Structures are given as structure tokens and as C-alpha cells.
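Content type compact mmCIF, C-alpha atoms and all ligand atoms, from the file protein_1.txt:
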# COMPACT_ATOMS: atom_id res chain seq x y z
CA MET A 22 144.07 123.76 85.68
CA SER A 23 145.54 121.68 82.81
CA THR A 24 143.24 120.56 80.02
CA GLU A 25 143.54 116.93 80.92
CA LYS A 26 142.32 117.46 84.47
CA LYS A 27 139.30 119.51 83.48
CA GLY A 28 136.03 117.61 83.67
CA ILE A 29 133.98 117.25 80.52
CA THR A 30 131.37 119.63 81.92
CA GLU A 31 134.02 122.35 82.07
CA TRP A 32 134.56 122.42 78.31
CA ALA A 33 132.17 125.32 78.06
CA SER A 34 133.79 128.59 77.02
CA LYS A 35 134.06 131.16 79.79
CA ASP A 36 132.85 133.88 77.39
CA ASP A 37 129.66 132.52 75.91
CA GLY A 38 129.10 129.44 78.08
CA ALA A 39 128.89 127.19 75.00
CA PHE A 40 130.18 123.60 75.04
CA LYS A 41 132.97 122.83 72.49
CA ARG A 42 133.90 119.21 71.79
CA GLN A 43 137.58 118.40 71.36
CA VAL A 44 138.89 116.97 68.07
CA SER A 45 140.14 113.36 68.27
CA SER A 46 143.91 112.68 68.03
CA PHE A 47 144.57 109.20 66.59
CA ARG A 48 143.31 108.97 63.04
CA ASP A 49 144.70 105.85 61.34
CA GLU A 50 142.61 103.15 59.74
CA ILE A 51 142.46 99.40 59.49
CA LYS A 52 142.51 98.29 55.87
CA GLU A 53 143.86 95.51 53.72
CA GLY A 54 147.40 96.32 52.58
CA GLY A 55 147.85 99.20 55.04
CA LYS A 56 150.04 99.54 58.14
CA PHE A 57 147.05 98.33 60.15
CA SER A 58 145.86 95.31 58.21
CA PRO A 59 142.83 93.25 59.24
CA GLU A 60 143.68 90.26 61.42
CA LYS A 61 141.61 88.21 63.79
CA GLY A 62 142.45 89.03 67.42
CA ARG A 63 144.92 91.81 66.61
CA TYR A 64 142.77 94.79 67.61
CA HIS A 65 141.04 95.62 70.87
CA LEU A 66 138.16 98.02 71.38
CA TYR A 67 137.80 100.13 74.53
CA VAL A 68 134.28 101.34 75.12
CA SER A 69 131.84 102.72 77.59
CA LEU A 70 128.33 101.29 77.29
CA ALA A 71 127.05 104.70 78.39
CA CYS A 72 128.81 106.68 75.68
CA PRO A 73 126.85 107.30 72.47
CA TRP A 74 130.07 107.61 70.40
CA ALA A 75 131.47 104.30 71.65
CA HIS A 76 128.05 102.71 71.23
CA ARG A 77 128.26 103.35 67.46
CA THR A 78 131.36 101.14 67.24
CA LEU A 79 129.75 98.30 69.21
CA ILE A 80 126.73 98.28 66.93
CA VAL A 81 128.85 98.17 63.77
CA ARG A 82 131.14 95.50 65.27
CA GLU A 83 128.08 93.31 65.78
CA LEU A 84 126.39 94.16 62.46
CA LYS A 85 129.59 93.20 60.66
CA GLY A 86 129.95 89.96 62.63
CA LEU A 87 133.28 91.03 64.15
CA GLN A 88 132.68 89.86 67.72
CA ASP A 89 135.18 87.01 67.38
CA TYR A 90 137.69 89.24 65.60
CA ILE A 91 137.83 92.21 67.95
CA ASP A 92 137.59 91.80 71.72
CA VAL A 93 136.25 94.58 73.95
CA SER A 94 137.07 96.08 77.36
CA THR A 95 134.25 98.04 78.95
CA VAL A 96 134.83 100.84 81.42
CA HIS A 97 132.82 101.36 84.58
CA PRO A 98 129.99 103.89 84.07
CA HIS A 99 131.28 106.37 86.67
CA MET A 100 133.54 108.92 85.01
CA LEU A 101 135.03 110.78 87.94
CA GLU A 102 138.23 112.67 88.82
CA GLY A 103 140.66 110.35 87.02
CA GLY A 104 138.43 109.86 83.96
CA TRP A 105 137.03 106.52 82.80
CA HIS A 106 138.15 103.64 85.02
CA PHE A 107 138.15 99.87 84.82
CA VAL A 108 137.20 97.22 87.29
CA LYS A 109 140.36 95.75 88.83
CA PRO A 110 141.33 92.39 87.31
CA GLU A 111 140.93 90.73 90.75
CA ASP A 112 137.42 92.20 91.07
CA ALA A 113 136.34 91.35 87.54
CA SER A 114 135.08 87.90 88.44
CA LYS A 115 133.25 89.07 91.59
CA THR A 116 129.49 89.36 91.51
CA PRO A 117 128.93 93.02 90.77
CA ALA A 118 127.08 95.17 93.23
CA PRO A 119 123.58 96.08 92.03
CA ALA A 120 123.67 99.21 89.92
CA SER A 121 121.84 101.21 92.59
CA ALA A 122 124.65 100.55 95.12
CA HIS A 123 126.93 103.03 93.29
CA SER A 124 130.06 100.92 93.81
CA PHE A 125 133.33 102.18 92.31
CA ASP A 126 134.79 98.66 92.20
CA THR A 127 132.25 96.64 90.27
CA PHE A 128 129.25 97.24 88.08
CA PRO A 129 127.25 94.77 85.97
CA ALA A 130 128.92 94.36 82.53
CA ALA A 131 131.92 96.58 83.37
CA THR A 132 135.22 94.75 82.80
CA ALA A 133 138.89 94.99 83.65
CA ASP A 134 141.25 96.35 81.00
CA LYS A 135 141.79 92.97 79.34
CA LEU A 136 145.10 93.99 77.74
CA PHE A 137 147.00 95.87 80.44
CA GLY A 138 144.96 95.56 83.63
CA SER A 139 145.01 99.37 83.85
CA SER A 140 143.00 101.28 86.39
CA TYR A 141 142.21 104.20 84.06
CA ILE A 142 141.81 104.65 80.31
CA SER A 143 144.46 107.40 80.52
CA GLU A 144 147.06 104.64 81.07
CA VAL A 145 146.11 103.05 77.75
CA TYR A 146 146.58 106.39 75.98
CA ARG A 147 149.97 106.84 77.63
CA HIS A 148 151.12 103.40 76.46
CA ALA A 149 150.60 104.76 72.96
CA GLN A 150 151.93 108.24 73.61
CA PRO A 151 153.56 108.97 76.99
CA ASP A 152 153.15 112.74 76.66
CA TYR A 153 149.54 112.60 75.47
CA SER A 154 147.75 115.50 77.08
CA ALA A 155 144.42 115.81 75.31
CA ARG A 156 141.24 114.19 76.57
CA PHE A 157 141.09 110.50 77.39
CA THR A 158 137.97 109.60 75.46
CA VAL A 159 136.28 106.40 74.39
CA PRO A 160 136.01 104.72 71.97
CA VAL A 161 139.62 103.69 71.41
CA ILE A 162 140.78 100.95 69.05
CA TRP A 163 144.15 99.51 70.06
CA ASP A 164 146.58 97.53 67.91
CA THR A 165 148.35 94.77 69.87
CA LYS A 166 150.94 94.33 67.09
CA GLU A 167 152.18 97.91 66.78
CA GLY A 168 151.40 98.61 70.44
CA THR A 169 149.51 101.78 69.71
CA ILE A 170 146.11 103.37 69.26
CA VAL A 171 144.83 103.14 65.70
CA ASN A 172 141.97 105.57 66.10
CA ASN A 173 139.84 107.25 68.76
CA GLU A 174 137.24 108.88 66.55
CA SER A 175 134.01 106.91 66.35
CA SER A 176 132.88 108.24 62.96
CA GLU A 177 136.11 106.91 61.42
CA ILE A 178 136.16 103.65 63.37
CA ILE A 179 132.69 102.73 62.10
CA ARG A 180 133.80 103.48 58.52
CA PHE A 181 136.74 101.10 58.63
CA LEU A 182 134.87 98.42 60.56
CA ASN A 183 132.34 98.59 57.72
CA THR A 184 134.86 97.54 55.06
CA GLY A 185 138.32 96.95 56.60
CA PHE A 186 137.74 93.31 57.59
CA ASN A 187 135.77 92.18 54.53
CA SER A 188 138.80 90.38 53.07
CA ILE A 189 138.97 88.04 56.07
CA LEU A 190 135.25 87.67 56.86
CA PRO A 191 133.46 84.51 55.72
CA ASP A 192 130.98 84.96 52.88
CA GLY A 193 127.55 85.93 54.12
CA GLN A 194 125.24 88.71 55.17
CA ALA A 195 127.63 90.48 57.52
CA LYS A 196 130.39 90.67 54.92
CA GLU A 197 127.90 91.86 52.29
CA LEU A 198 126.48 94.55 54.53
CA ASP A 199 127.61 98.00 53.47
CA LEU A 200 126.57 100.79 55.82
CA TYR A 201 128.04 103.49 53.57
CA PRO A 202 127.14 102.48 50.02
CA GLU A 203 128.57 104.55 47.19
CA GLU A 204 125.18 105.59 45.78
CA LEU A 205 123.89 106.87 49.13
CA ARG A 206 127.04 108.64 50.33
CA ALA A 207 126.04 112.16 49.37
CA GLU A 208 122.71 111.84 51.19
CA ILE A 209 124.28 110.17 54.23
CA ASP A 210 126.98 112.87 54.45
CA GLU A 211 124.43 115.65 54.19
CA LEU A 212 122.30 114.13 56.94
CA ASN A 213 125.24 113.25 59.19
CA GLU A 214 126.45 116.81 59.16
CA TRP A 215 123.42 118.45 60.73
CA VAL A 216 122.48 115.42 62.82
CA TYR A 217 125.95 115.57 64.38
CA ASP A 218 125.85 119.30 65.11
CA ASP A 219 122.27 119.66 66.20
CA VAL A 220 121.34 116.24 67.61
CA ASN A 221 124.33 114.03 68.58
CA ASN A 222 126.32 116.95 69.89
CA GLY A 223 123.24 119.14 70.30
CA VAL A 224 122.13 117.29 73.43
CA TYR A 225 125.59 117.85 74.96
CA LYS A 226 125.60 121.52 73.95
CA SER A 227 122.24 121.87 75.68
CA GLY A 228 123.25 119.96 78.79
CA PHE A 229 126.74 121.39 79.27
CA ALA A 230 125.91 125.03 78.51
CA THR A 231 126.68 127.29 81.44
CA LYS A 232 124.78 130.32 80.19
CA GLN A 233 121.07 130.64 79.40
CA ASP A 234 121.65 131.97 75.87
CA ALA A 235 124.01 129.15 74.93
CA TYR A 236 121.54 126.60 76.30
CA GLU A 237 118.59 128.09 74.44
CA THR A 238 120.50 128.31 71.16
CA ALA A 239 121.43 124.64 71.40
CA VAL A 240 118.11 123.32 72.64
CA THR A 241 116.02 125.14 70.04
CA LYS A 242 118.29 123.86 67.25
CA LEU A 243 117.86 120.38 68.64
CA GLU A 244 114.09 120.81 68.71
CA GLU A 245 114.08 121.97 65.10
CA ALA A 246 116.31 119.08 64.03
CA LEU A 247 114.11 116.49 65.74
CA HIS A 248 111.07 117.90 63.96
CA LYS A 249 112.94 117.68 60.67
CA LEU A 250 113.74 114.02 61.38
CA GLU A 251 110.14 113.40 62.44
CA ASP A 252 108.95 114.79 59.07
CA ARG A 253 111.51 112.76 57.17
CA LEU A 254 110.19 109.56 58.74
CA SER A 255 106.52 110.50 58.25
CA ASP A 256 106.22 108.51 54.99
CA GLY A 257 106.60 105.33 57.04
CA ARG A 258 110.13 104.60 55.82
CA GLN A 259 112.04 102.21 57.97
CA TYR A 260 115.48 103.74 57.56
CA LEU A 261 116.75 107.29 57.32
CA VAL A 262 118.43 107.01 53.93
CA GLY A 263 117.33 104.79 51.06
CA ASP A 264 115.50 101.61 51.89
CA ARG A 265 118.22 100.02 53.95
CA LEU A 266 120.16 100.31 57.15
CA THR A 267 123.08 102.73 56.87
CA GLU A 268 125.53 104.40 59.22
CA ALA A 269 123.09 107.34 59.37
CA ASP A 270 120.71 105.11 61.37
CA VAL A 271 123.51 103.89 63.63
CA ARG A 272 124.68 107.44 64.35
CA LEU A 273 121.23 108.76 65.16
CA TYR A 274 120.13 105.69 67.13
CA THR A 275 122.73 106.06 69.89
CA THR A 276 121.47 109.54 70.72
CA ILE A 277 117.75 108.79 70.41
CA VAL A 278 117.84 105.67 72.58
CA ARG A 279 119.36 107.81 75.38
CA TYR A 280 116.92 110.66 74.91
CA ASP A 281 114.00 109.81 77.18
CA PRO A 282 116.09 108.09 79.90
CA VAL A 283 118.77 110.81 80.12
CA TYR A 284 118.84 113.83 77.82
CA HIS A 285 115.23 114.84 78.46
CA GLY A 286 115.89 115.30 82.18
CA HIS A 287 119.63 115.52 82.82
CA PHE A 288 120.48 117.69 79.78
CA LYS A 289 117.24 119.73 79.99
CA CYS A 290 116.10 118.69 76.50
CA ASN A 291 112.54 118.69 77.76
CA PHE A 292 110.56 120.46 75.03
CA GLY A 293 109.17 116.99 74.39
CA SER A 294 110.00 113.33 74.74
CA ILE A 295 110.56 110.86 71.94
CA ARG A 296 107.78 108.55 73.14
CA HIS A 297 105.12 111.23 73.52
CA ASP A 298 105.98 113.86 70.96
CA PHE A 299 107.89 112.23 68.10
CA PRO A 300 105.87 109.14 67.08
CA ASN A 301 107.71 108.52 63.83
CA ILE A 302 111.13 108.71 65.45
CA ASN A 303 109.83 106.53 68.27
CA LEU A 304 108.66 103.87 65.79
CA TRP A 305 111.98 103.99 63.90
CA LEU A 306 113.80 103.63 67.23
CA ARG A 307 111.71 100.69 68.45
CA ARG A 308 112.03 98.87 65.14
CA LEU A 309 115.80 99.04 65.32
CA TYR A 310 115.92 98.04 68.98
CA TRP A 311 113.41 95.20 68.87
CA THR A 312 114.10 93.74 65.45
CA ASN A 313 117.88 93.94 65.12
CA PRO A 314 119.94 92.32 67.91
CA ALA A 315 122.99 94.49 67.12
CA PHE A 316 121.04 97.42 68.54
CA LYS A 317 119.36 95.73 71.51
CA ASP A 318 122.40 93.68 72.60
CA THR A 319 124.61 96.75 72.74
CA THR A 320 122.16 99.03 74.56
CA ASN A 321 122.62 98.97 78.32
CA PHE A 322 120.22 101.30 80.13
CA GLU A 323 121.87 100.73 83.52
CA HIS A 324 125.21 102.04 82.26
CA ILE A 325 123.54 104.86 80.38
CA LYS A 326 121.56 106.23 83.32
CA GLU A 327 124.19 105.59 85.97
CA HIS A 328 126.93 107.28 83.96
CA TYR A 329 125.29 110.59 83.22
CA TYR A 330 123.39 111.17 86.43
CA TYR A 331 126.22 109.99 88.69
CA SER A 332 129.23 111.43 86.85
CA HIS A 333 128.15 115.00 86.10
CA SER A 334 127.84 116.29 89.63
CA GLN A 335 127.91 119.92 88.40
CA ILE A 336 124.57 119.20 86.77
CA ASN A 337 123.22 116.71 89.32
CA PRO A 338 124.96 117.32 92.69
CA THR A 339 122.91 114.72 94.58
CA ARG A 340 123.93 112.04 92.06
CA ILE A 341 120.49 110.54 92.39
CA VAL A 342 119.72 108.38 89.38
CA PRO A 343 116.06 108.77 88.43
CA TYR A 344 113.67 105.87 88.73
CA GLY A 345 112.04 106.32 85.32
CA PRO A 346 111.13 106.53 82.62
CA LYS A 347 109.28 103.24 82.65
CA PRO A 348 109.87 101.36 80.47
CA ASP A 349 113.34 102.38 79.26
CA ILE A 350 112.09 101.93 75.73
CA GLU A 351 108.53 101.18 74.66
CA PRO A 352 107.62 97.82 73.16
CA LEU A 353 107.01 97.48 69.46
CA ASP A 354 103.21 97.44 69.62
CA ALA A 355 100.53 96.55 67.09
CA ALA A 356 101.00 99.79 65.14
CA GLY A 357 104.67 99.08 64.73
CA VAL A 358 104.00 95.52 63.71
CA LYS A 359 101.54 96.66 61.06
CA ARG A 360 103.93 99.18 59.62
CA SER A 361 106.84 96.80 59.31
CA ALA A 362 105.16 93.42 59.09
CA ALA A 363 107.96 91.61 57.31
CA ASP A 364 110.70 92.57 59.73
CA VAL A 365 108.90 92.36 62.97
CA ASP A 366 107.71 88.79 62.83
CA GLY A 367 110.48 87.07 64.76
CA ALA A 368 111.42 90.01 66.91
CA SER A 369 107.96 90.94 68.14
CA LYS A 370 107.79 87.62 69.96
CA LYS A 371 110.56 88.91 72.20
CA VAL A 372 108.54 91.96 73.20
CA LYS A 373 107.21 91.68 76.72
N1 LIG A 401 134.75 112.57 68.81
C1 LIG A 401 134.81 111.48 69.70
C2 LIG A 401 134.11 111.85 70.99
C3 LIG A 401 134.23 110.80 72.04
C4 LIG A 401 133.83 111.33 73.42
O1 LIG A 401 133.72 112.55 73.63
N2 LIG A 401 133.63 110.41 74.40
C5 LIG A 401 133.29 110.82 75.74
C6 LIG A 401 132.28 109.90 76.38
S1 LIG A 401 130.67 110.04 75.76
C7 LIG A 401 134.51 110.68 76.64
O2 LIG A 401 135.17 109.65 76.62
N3 LIG A 401 134.80 111.67 77.46
C8 LIG A 401 135.84 111.59 78.42
C9 LIG A 401 136.42 112.93 78.77
O3 LIG A 401 136.09 113.89 78.10
O4 LIG A 401 137.22 112.98 79.68
C10 LIG A 401 134.18 110.28 69.03
O5 LIG A 401 133.12 110.40 68.41
O6 LIG A 401 134.77 109.22 69.12
Here is a file; write its structure as C-alpha cells.
Ligand SMILES: N[C@@H](CCC(=O)N[C@@H](CS)C(=O)NCC(=O)O)C(=O)O
Amino acid sequence: MSTEKKGITEWASKDDGAFKRQVSSFRDEIKEGGKFSPEKGRYHLYVSLACPWAHRTLIVRELKGLQDYIDVSTVHPHMLEGGWHFVKPEDASKTPAPASAHSFDTFPAATADKLFGSSYISEVYRHAQPDYSARFTVPVIWDTKEGTIVNNESSEIIRFLNTGFNSILPDGQAKELDLYPEELRAEIDELNEWVYDDVNNGVYKSGFATKQDAYETAVTKLEEALHKLEDRLSDGRQYLVGDRLTEADVRLYTTIVRYDPVYHGHFKCNFGSIRHDFPNINLWLRRLYWTNPAFKDTTNFEHIKEHYYYSHSQINPTRIVPYGPKPDIEPLDAAGVKRSAADVDGASKKVK
């Protein structure tokens, strides 16, 4: 079987049963004065709302006020034989079937490929490189001027979205926002490194392991890392690094918000749940979700649950998507309000 045909759940090594994530292929950046300079409407972002890596880019796009600068196409949550697929342009305006109907053709908030009308994300990759044979992953940021992919590595995309458009953004909060400030870089880098290995990728290593030992190695590292994060947040701090929002929060958020709905059950990360066993992480999570629209607006629990439980039939052959947990994320209750009084004021009114 060629690499490109292999499903993501078959990336586990035959020898030790451990999951190994592929390295991304397109690694350019958008920056003033470079080949890919910032321009309104020039770039297009391909995402899945289910994917934690793509989710990072959507959050930063919104935090940096780039919604009118970079348009987005959103794949359907089912990642099956041919990889990520789009709704057909002629179906895009139809009322989507309810999520529970498991339709291949429509799904709430899934779009057509707005640039090419492609059926699969693989077609977009092949427009950039006809002989591309690695994995067809999201996120992808496409340049309509050069007709190619600028980058398909989320950690790099969020870095250049953070600064690359500042020269054309209007003055204001979004332009000022720096998610990777010079003075915090060393601490952010240090945190990112183990959070990536043990948490972001740790849930996948647990869920995609095909041998007991590989699973246990991954899941116990994840458990240890979550306890380390829980301790870090025990002084009541609102953000992981310094006293402000940084990319470290963005990168951890997209894993934690999926934890109780998906990773706890589907990926067998069930030594505890965020809501019952990690109160400090749970508070940090709820503050981000309920007080900052860039987090809530970009979090779609229907896509998240439907994607994992329906797509990985090796792990869940019945494809039944679980009913719970209820609610998807807990409200920001009185304790949360007390601990972050200043921030919560406006947002807590939204909490049902
Ligand atoms: N290193 C990449 C990883 C992206 C990634 O693995 N995306 C997954 C979805 S969560 C994907 O598109 N998988 C498709 C496949 O493997 O065929 C990044 O952070 O951008």
C-alpha cells in the first residue's frame, strides 16, 4: 500500500505499534518584503473544524482580526478513503442534513472548496505539486497569486499570522496583539516542546497505538503532563505563560477542548476527565472559551465528535457518535467568575 493511501490510524509502526506523525512539506512564510507578502484577499485557508492543528490557525486568524483578509474553506468532518472532502459547490447552499444523519454530501458549517470546487483536499495539494505523495493534511494556506501552497504546518502558520499582516492591519488591539513576544519566547518554546510531544500529539499516540506497551507509554506521559499543567495553573493564573494570552494557550486549548468529548473515550485517555479531575485546567479552558470569542466562535463540537468517532473505524467500527458528555463544555460558574472578575463580566452573561 502506498503511503498516501494509508489511513491515519495506520501510521503506527509495525514493530512497536507506536504512532509517528509525518513532518509537513510546505514551509514558506507570509511576511512583508518576502515572496509571499501580506495582501488582503490573496491567501486562502483550508481547515477542518475537527482538527486541533487547523483549529490553531482559525483562532489566531480571529485574534489578529484577519477574517476579512483571509477567507476559509472548511472540509466535511468525515475523513474516509479519499481523505478530507468538500461539499460539492451545488450542494453548498442546500440545507445540511442534521449531524446525526451522517450524510457524506452536506454537514452544518462544511463548505465547498471556494477556490477550485475540488472534491478532495488532495486535489488542492496536486495543484501545487502534481507529484505530491505525502499526506494530505489540514491546515493548508494557499496563495492565489503564486498558485501554490505557502505552508501546511500549523505551528508555523500561527507564527506568521501573528506578525505577517501587521503592516496592512489598521491600528488597534488586533494589530498590537503579539502571541509570541520576545521576552516570553524562551518560556513559550520550553512549554510548547513537551506540550506538543506529550499532550497535543500524546492523545494521538495513545489513541492510535496498536500495541498495549505503546499505548501505556503514551497515556502515562499524557497523564503526567496534564498533572504538570494542572500544577502550573494552581496559582490562579489566567494564562500559561506570563500574564497574557500567548500561542502557548492557543496550542494547548485545541487539545483540551476536545479532551472530554473525544480523547477521553475514543482515544482511551480515560485516567481522568478535564471537568472532574483537572479543575485548574478546566477553569483555564472555560475562561478562554466563554470570555474570548476567538475561541468559542471557532470551536465546533459537532464537527469534532462526528469526525473522530465516524472516521476512525479501526477504533470505532460501529461509527456510533456518543451522546455525551453533556454539556460539551461546562459553563463558567461562580467560582470562575470570582477568580477572573475583570474578564468575565461581559462574557458570563452569555453563559446559559
Ligand atoms: N503537523 C501538522 C499536522 C496536521 C495534521 O496531521 N492534520 C490531520 C488532521 S487532525 C490531517 O489532516 N490528517 C489527514 C491525513 O493524515 O490523511 C500541523 O500541525 O499542521
Write out as a PDB file with C-alpha atoms, keeping the file's coordinate frame each polymer residue (protein, DNA or RNA) that has an atom no more than 6 Å from ligand LIG 401 (chain A), with all atoms listed in the file counted.
ATOM      1  CA  ILE A  29     133.980 117.250  80.520  1.00  0.00           C
ATOM      2  CA  SER A  45     140.140 113.360  68.270  1.00  0.00           C
ATOM      3  CA  CYS A  72     128.810 106.680  75.680  1.00  0.00           C
ATOM      4  CA  PRO A  73     126.850 107.300  72.470  1.00  0.00           C
ATOM      5  CA  TRP A  74     130.070 107.610  70.400  1.00  0.00           C
ATOM      6  CA  GLY A 104     138.430 109.860  83.960  1.00  0.00           C
ATOM      7  CA  ARG A 156     141.240 114.190  76.570  1.00  0.00           C
ATOM      8  CA  PHE A 157     141.090 110.500  77.390  1.00  0.00           C
ATOM      9  CA  THR A 158     137.970 109.600  75.460  1.00  0.00           C
ATOM     10  CA  VAL A 159     136.280 106.400  74.390  1.00  0.00           C
ATOM     11  CA  PRO A 160     136.010 104.720  71.970  1.00  0.00           C
ATOM     12  CA  ASN A 173     139.840 107.250  68.760  1.00  0.00           C
ATOM     13  CA  GLU A 174     137.240 108.880  66.550  1.00  0.00           C
ATOM     14  CA  SER A 175     134.010 106.910  66.350  1.00  0.00           C
ATOM     15  CA  SER A 176     132.880 108.240  62.960  1.00  0.00           C
TER      16      SER A 176
END
Hey, what's within 10 Å of Ala71 in chain A if we count all atoms listed in the file and toss same-chain stuff fewer than 2 positions away? As a JSON list (two decimals) with C-alpha atoms, keeping the file's coordinate frame, please?
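Saved the output as out-v3.json:
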[["chain", "number", "residue", "atom", "x", "y", "z"],
["A", 68, "VAL", "CA", 134.28, 101.34, 75.12],
["A", 69, "SER", "CA", 131.84, 102.72, 77.59],
["A", 73, "PRO", "CA", 126.85, 107.30, 72.47],
["A", 74, "TRP", "CA", 130.07, 107.61, 70.40],
["A", 75, "ALA", "CA", 131.47, 104.30, 71.65],
["A", 76, "HIS", "CA", 128.05, 102.71, 71.23],
["A", 95, "THR", "CA", 134.25, 98.04, 78.95],
["A", 96, "VAL", "CA", 134.83, 100.84, 81.42],
["A", 97, "HIS", "CA", 132.82, 101.36, 84.58],
["A", 98, "PRO", "CA", 129.99, 103.89, 84.07],
["A", 99, "HIS", "CA", 131.28, 106.37, 86.67],
["A", 275, "THR", "CA", 122.73, 106.06, 69.89],
["A", 279, "ARG", "CA", 119.36, 107.81, 75.38],
["A", 320, "THR", "CA", 122.16, 99.03, 74.56],
["A", 321, "ASN", "CA", 122.62, 98.97, 78.32],
["A", 322, "PHE", "CA", 120.22, 101.30, 80.13],
["A", 323, "GLU", "CA", 121.87, 100.73, 83.52],
["A", 324, "HIS", "CA", 125.21, 102.04, 82.26],
["A", 325, "ILE", "CA", 123.54, 104.86, 80.38],
["A", 326, "LYS", "CA", 121.56, 106.23, 83.32],
["A", 327, "GLU", "CA", 124.19, 105.59, 85.97],
["A", 328, "HIS", "CA", 126.93, 107.28, 83.96],
["A", 329, "TYR", "CA", 125.29, 110.59, 83.22]]
Test item: residues at most 12 Å from Thr238 in chain A, all atoms listed in the file, excluding those fewer than 2 positions along its chain, as a PDB file with C-alpha atoms, keeping the file's coordinate frame:
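Contents of out-v2.pdb, as written:
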ATOM      1  CA  ASP A  37     129.660 132.520  75.910  1.00  0.00           C
ATOM      2  CA  GLY A  38     129.100 129.440  78.080  1.00  0.00           C
ATOM      3  CA  ALA A  39     128.890 127.190  75.000  1.00  0.00           C
ATOM      4  CA  PHE A  40     130.180 123.600  75.040  1.00  0.00           C
ATOM      5  CA  ASP A 219     122.270 119.660  66.200  1.00  0.00           C
ATOM      6  CA  GLY A 223     123.240 119.140  70.300  1.00  0.00           C
ATOM      7  CA  VAL A 224     122.130 117.290  73.430  1.00  0.00           C
ATOM      8  CA  LYS A 226     125.600 121.520  73.950  1.00  0.00           C
ATOM      9  CA  SER A 227     122.240 121.870  75.680  1.00  0.00           C
ATOM     10  CA  GLY A 228     123.250 119.960  78.790  1.00  0.00           C
ATOM     11  CA  ALA A 230     125.910 125.030  78.510  1.00  0.00           C
ATOM     12  CA  LYS A 232     124.780 130.320  80.190  1.00  0.00           C
ATOM     13  CA  GLN A 233     121.070 130.640  79.400  1.00  0.00           C
ATOM     14  CA  ASP A 234     121.650 131.970  75.870  1.00  0.00           C
ATOM     15  CA  ALA A 235     124.010 129.150  74.930  1.00  0.00           C
ATOM     16  CA  TYR A 236     121.540 126.600  76.300  1.00  0.00           C
ATOM     17  CA  VAL A 240     118.110 123.320  72.640  1.00  0.00           C
ATOM     18  CA  THR A 241     116.020 125.140  70.040  1.00  0.00           C
ATOM     19  CA  LYS A 242     118.290 123.860  67.250  1.00  0.00           C
ATOM     20  CA  LEU A 243     117.860 120.380  68.640  1.00  0.00           C
ATOM     21  CA  GLU A 244     114.090 120.810  68.710  1.00  0.00           C
ATOM     22  CA  GLU A 245     114.080 121.970  65.100  1.00  0.00           C
ATOM     23  CA  CYS A 290     116.100 118.690  76.500  1.00  0.00           C
TER      24      CYS A 290
END
From the options A:Leu200, A:Leu254, A:Ile277, A:Ile80, which residue's atoms come nearest to Val220 in chain A, counting all atoms listed in the file?
A:Ile277
What's the separation between CA of Arg265 in chain A and CA of Asp199 in chain A, in Å to one decimal place?
9.6 Å
Just how far from CA of His106 in chain A is CA of Ser140 in chain A, in Å to one decimal?
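A separation of 5.6 Å between them.
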If we count all atoms listed in the file, what is near Gly293 in chain A at a cut-off of 10 Å, once residues fewer than 5 positions away on the same chain are taken out, given as a PyMOL selection string?
chain A and resi 244+247+281+285+298-299
So which one's closest to Val283 in chain A, A:Asn337, A:Ser154, A:Thr267, A:Gln194? Using only C-alpha atoms, please.
A:Asn337
Ile162 in chain A surroundings by only C-alpha atoms, 6 Å radius, close-in-sequence under 6 positions cut, as a PyMOL selection string:
chain A and resi 65-66+170-172
What would the file look like if the residues just selected were written as an mmCIF file, in the frame of the given file with C-alpha atoms?
data_model
loop_
_atom_site.group_PDB
_atom_site.id
_atom_site.type_symbol
_atom_site.label_atom_id
_atom_site.label_comp_id
_atom_site.auth_asym_id
_atom_site.auth_seq_id
_atom_site.Cartn_x
_atom_site.Cartn_y
_atom_site.Cartn_z
ATOM 1 C CA HIS A 65 141.040 95.620 70.870
ATOM 2 C CA LEU A 66 138.160 98.020 71.380
ATOM 3 C CA ILE A 170 146.110 103.370 69.260
ATOM 4 C CA VAL A 171 144.830 103.140 65.700
ATOM 5 C CA ASN A 172 141.970 105.570 66.100
#
